[in-house]
Protein chains: 2
Amino acid sequence: MDYGRAKRINQLLTTVYGEVLRVEELALRQSQFKDISIKEVHAIAAISMYEHKTTSQVARELRITPGTLTTMVNHLVRKDYVQRLRSDDDRRFVRLGLTRRGRLIYRAHESFHRRMVESFARDMDDEQLQIIEKALLNLQAFLELADPTTPNK
Amino acid sequence: MDYGRAKRINQLLTTVYGEVLRVEELALRQSQFKDISIKEVHAIAAISMYEHKTTSQVARELRITPGTLTTMVNHLVRKDYVQRLRSDDDRRFVRLGLTRRGRLIYRAHESFHRRMVESFARDMDDEQLQIIEKALLNLQAFLELADPTTPNK
DNA sequence: GCTATTATTTTGATAATGGAACAATTTGAC
DNA sequence: GTCAAATTGTTCCATTATCAAAATAATAGC
C-alpha cells in the first residue's frame with residue numbers, strides 16, 4: 001500500500017469523527033435545542049422512537065453502565081425529552097420512550113446523518129459504495145480481533 | 001442511493017470510531033502502560049517526536065483549550081512521558097517534547113494505527129483506495145459546510 | 001415462603017473539560 | 001528608553017460524564 005495514501009487515510013479516519021461530534025455539538029448550540037449535549041442526543045437516538053427498550057438494553061448499546069444512563073435519563077426527563085414507562089409485566093424493568101420534544105430532536109439528528117452519508121457517498125455508484133462498506137467491515141473485523149475482551153471464539 | 005446500504009454505512013461510521021477508542025483503551029490497560037488514558041496517548045501523538053511544538057499549537061490540534069492541555073501535560077510530566085522545554089528565544093513559549101517513555105508509547109500507538117489502516121485497506125487496489133480517500137474527503141467537505149463557525153468563505 | 005437472581009438507582013469518587021482571572025514576557029508606539 | 005497593549009501559559013473554579021459498589025425493588029425457583 002502506498003505510504004502517502006496510508007498516511008492520509010489514517011489522518012482522515014482519526015480526525016473526521018471528532019469533527020462530526022464537534023459540528024453536531026455546535027449545530028445544537030445554535031438550534032432551538034440549546035439545553036442538550038451531543039451525548040444526550042445519542043442517548044435519544046439509542047432510545048429511539050417505537051421500541052421502548054429497557055434501561056440496560058440502551059446502556060449496552062451506548063457502551064455505558066446502567067448507572068450512568070440513569071443519571072442521563074434523569075436529566076432528559078427533567079428537560080422533557082424522555083419518559084420512563086414502567087412495564088407492568090415485570091415491574092423491575094424501566095422502559096424508555098421519547099416525548100414529543102424528544103421525537104423532534106430524534107428526527108433532526110436522523111436527518112443530519114442522512115445528509116452526512118449522502119455527501120459521503122456523493123458521485124459514487126453502487127459498486128464503489130460496496131467497496132466502502134467492505135472497508136468499514138474490514139475495520140470492524142480488525143477491531144474485533146484486537147479487542148482483548150473477545151479474543152478467541 | 002440504496003436505502004439499506006445508506007443505513008448500514010451510517011451505522012458503521014457511527015459505531016466504528018467509538019470501537020477504535022474502546023479497543024485502544026483496553027489494549028492500554030493490558031500493556032505496560034497502565035497509568036495512561038487514550039486521551040493522553042492522543043496528546044502524546046499530537047506532541048509528536050521531533051518538532052517541539054508549543055502548548056497552544058498542540059492544544060489547537062487537539063481542539064482543546066490551553067488550560068486543559070496544561071493540566072494534561074502536568075500529569076504526563078509527572079508520569080514521565082512528556083517534558084517541557086522552555087525556548088530561549090521567546091520565554092513565553094513552552095515547547096513540548098517526549099521522554100524516552102513517551103517515544104516508546106508514541107511508536108506503539110503509531111504501529112496500532114498502521115495495522116488498523118492496513119486491515120481497513122485489505123485486498124484493495126490503488127483505484128479502490130482512491131475511492132475511499134475521496135469518500136472521506138467528501139465527508140470532510142460536508143462537515144466544513146455544516147460547521148457554523150466557518151460557514152461562508 | 002425463603003433465597004437467589006435480576007434491574008435499576010443511589011452514592012461517592014475521579015477524569016476531562018471550559019472559562020475567567022492571573023503572571024510572565026515581549027512588542028510597539030511614542 | 002519606557003510603559004501600555006498583546007501574547008502565552010498557568011491556576012482556579014465549576015460542570016459534565018463516567019464507573020464501581022452498595023442499596024433497593026421485584027421476580028423466580030424451589
# chains A, B, ... in the order shown; residues from 1 in each chain; ligands from 1
$ interface_residues --of "chain D" --to "chain B" --cutoff "8 Å" --atoms "only C-alpha atoms (C1' of nucleotides)" --output "number ranges by chain"
D: 8-10
$ write_last_selection --atoms "N, CA and C atoms (P, O5', C5', C4', C3', O3' and C1' of nucleotides)" --output "compact mmCIF listing (two decimals), in the first residue's frame"
# COMPACT_ATOMS: atom_id res chain seq x y z
P DT D 8 0.74 33.98 21.01
O5' DT D 8 1.16 33.26 22.36
C5' DT D 8 2.53 33.28 22.76
C4' DT D 8 2.66 32.61 24.10
C3' DT D 8 1.88 31.29 24.23
O3' DT D 8 2.81 30.25 24.48
C1' DT D 8 1.49 32.73 26.09
P DG D 9 2.36 28.72 24.57
O5' DG D 9 2.09 28.56 26.12
C5' DG D 9 3.20 28.77 27.00
C4' DG D 9 2.72 28.91 28.42
C3' DG D 9 1.99 27.69 28.98
O3' DG D 9 2.75 27.22 30.09
C1' DG D 9 0.84 29.72 29.50
P DT D 10 2.29 25.97 30.95
O5' DT D 10 1.48 26.68 32.13
C5' DT D 10 2.19 27.59 32.97
C4' DT D 10 1.28 28.05 34.08
C3' DT D 10 0.59 26.92 34.85
O3' DT D 10 0.89 27.13 36.22
C1' DT D 10 -0.98 28.58 34.19
$ residues_around --residues "Ala59 of chain A" --least-positions-apart "6" --cutoff "10 Å" --atoms "only C-alpha atoms (C1' of nucleotides)" --output "MDAnalysis selection string"
chainID A and resid 43 46:47 53 65:70
$ closest_atom_pairs --of "chain B" --to "chain A" --cutoff "9 Å" --atoms "only C-alpha atoms" --output "CSV"
residue,atom,partner,partner_atom,distance
B:Met1,CA,A:Asp126,CA,7.7
B:Asp2,CA,A:Asp126,CA,8.0
B:Arg5,CA,A:Leu129,CA,8.0
B:Ala6,CA,A:Val117,CA,6.7
B:Lys7,CA,A:Arg114,CA,8.4
B:Arg8,CA,A:Glu133,CA,7.9
B:Ile9,CA,A:Glu133,CA,6.1
B:Asn10,CA,A:Val117,CA,6.2
B:Leu12,CA,A:Leu136,CA,6.5
B:Leu13,CA,A:Leu136,CA,7.6
B:Thr14,CA,A:Tyr17,CA,8.3
B:Val16,CA,A:Gln140,CA,6.4
B:Tyr17,CA,A:Tyr17,CA,6.9
B:Glu19,CA,A:Leu143,CA,7.1
B:Val20,CA,A:Leu143,CA,6.7
B:Arg22,CA,A:Asp147,CA,8.4
B:Val23,CA,A:Asp147,CA,5.3
B:Glu24,CA,A:Asp147,CA,8.3
B:Leu26,CA,A:Pro148,CA,6.8
B:Ala27,CA,A:Pro148,CA,6.6
B:Gln30,CA,A:Pro148,CA,8.2
B:His113,CA,A:Asn10,CA,7.1
B:Arg114,CA,A:Asn10,CA,7.8
B:Arg115,CA,A:Phe142,CA,8.7
B:Met116,CA,A:Phe142,CA,6.8
B:Val117,CA,A:Asn10,CA,6.2
B:Glu118,CA,A:Ala6,CA,7.7
B:Ser119,CA,A:Asn138,CA,6.1
B:Phe120,CA,A:Leu139,CA,4.7
B:Ala121,CA,A:Ala135,CA,6.1
B:Arg122,CA,A:Asn138,CA,7.3
B:Met124,CA,A:Ile131,CA,8.5
B:Asp125,CA,A:Met1,CA,8.3
B:Asp126,CA,A:Met1,CA,7.7
B:Gln128,CA,A:Ile131,CA,7.1
B:Leu129,CA,A:Arg5,CA,8.0
B:Gln130,CA,A:Arg5,CA,8.3
B:Ile131,CA,A:Gln128,CA,7.1
B:Ile132,CA,A:Ile132,CA,6.2
B:Glu133,CA,A:Ile9,CA,6.1
B:Lys134,CA,A:Phe120,CA,8.6
B:Ala135,CA,A:Phe120,CA,5.2
B:Leu136,CA,A:Leu12,CA,6.5
B:Leu137,CA,A:Leu12,CA,7.6
B:Asn138,CA,A:Phe120,CA,5.1
B:Leu139,CA,A:Phe120,CA,4.7
B:Gln140,CA,A:Val16,CA,6.4
B:Ala141,CA,A:Ser119,CA,8.5
B:Phe142,CA,A:Ser119,CA,6.3
B:Leu143,CA,A:Val20,CA,6.7
B:Glu144,CA,A:Val23,CA,8.5
B:Ala146,CA,A:Val23,CA,6.8
B:Asp147,CA,A:Val23,CA,5.3
B:Pro148,CA,A:Ala27,CA,6.6
B:Thr149,CA,A:Leu26,CA,8.0
$ closest_atom_pairs --of "chain C" --to "chain A" --cutoff "10 Å" --atoms "only C-alpha atoms (C1' of nucleotides)" --output "JSON lines"
{"residue": "C:DT6", "atom": "C1'", "partner": "A:Arg92", "partner_atom": "CA", "distance": 8.0}
{"residue": "C:DA7", "atom": "C1'", "partner": "A:Arg92", "partner_atom": "CA", "distance": 5.3}
{"residue": "C:DT8", "atom": "C1'", "partner": "A:Arg92", "partner_atom": "CA", "distance": 7.2}
{"residue": "C:DT9", "atom": "C1'", "partner": "A:Gly67", "partner_atom": "CA", "distance": 7.1}
{"residue": "C:DT10", "atom": "C1'", "partner": "A:Gly67", "partner_atom": "CA", "distance": 8.7}
$ write_last_selection --atoms "C-alpha atoms (C1' of nucleotides)" --output "PDB file, in the first residue's frame"
ATOM      1  C1'  DT C   6     -32.149  -9.577  38.125  1.00  0.00           C
ATOM      2  C1'  DA C   7     -32.970  -4.496  37.041  1.00  0.00           C
ATOM      3  C1'  DT C   8     -32.429  -0.148  38.414  1.00  0.00           C
ATOM      4  C1'  DT C   9     -30.991   3.630  41.339  1.00  0.00           C
ATOM      5  C1'  DT C  10     -28.063   5.904  44.633  1.00  0.00           C
TER       6       DT C  10
END
$ atom_distance --atom1 "atom CA of Tyr50 of chain A" --atom2 "atom CA of Arg84 of chain A"
13.5 Å
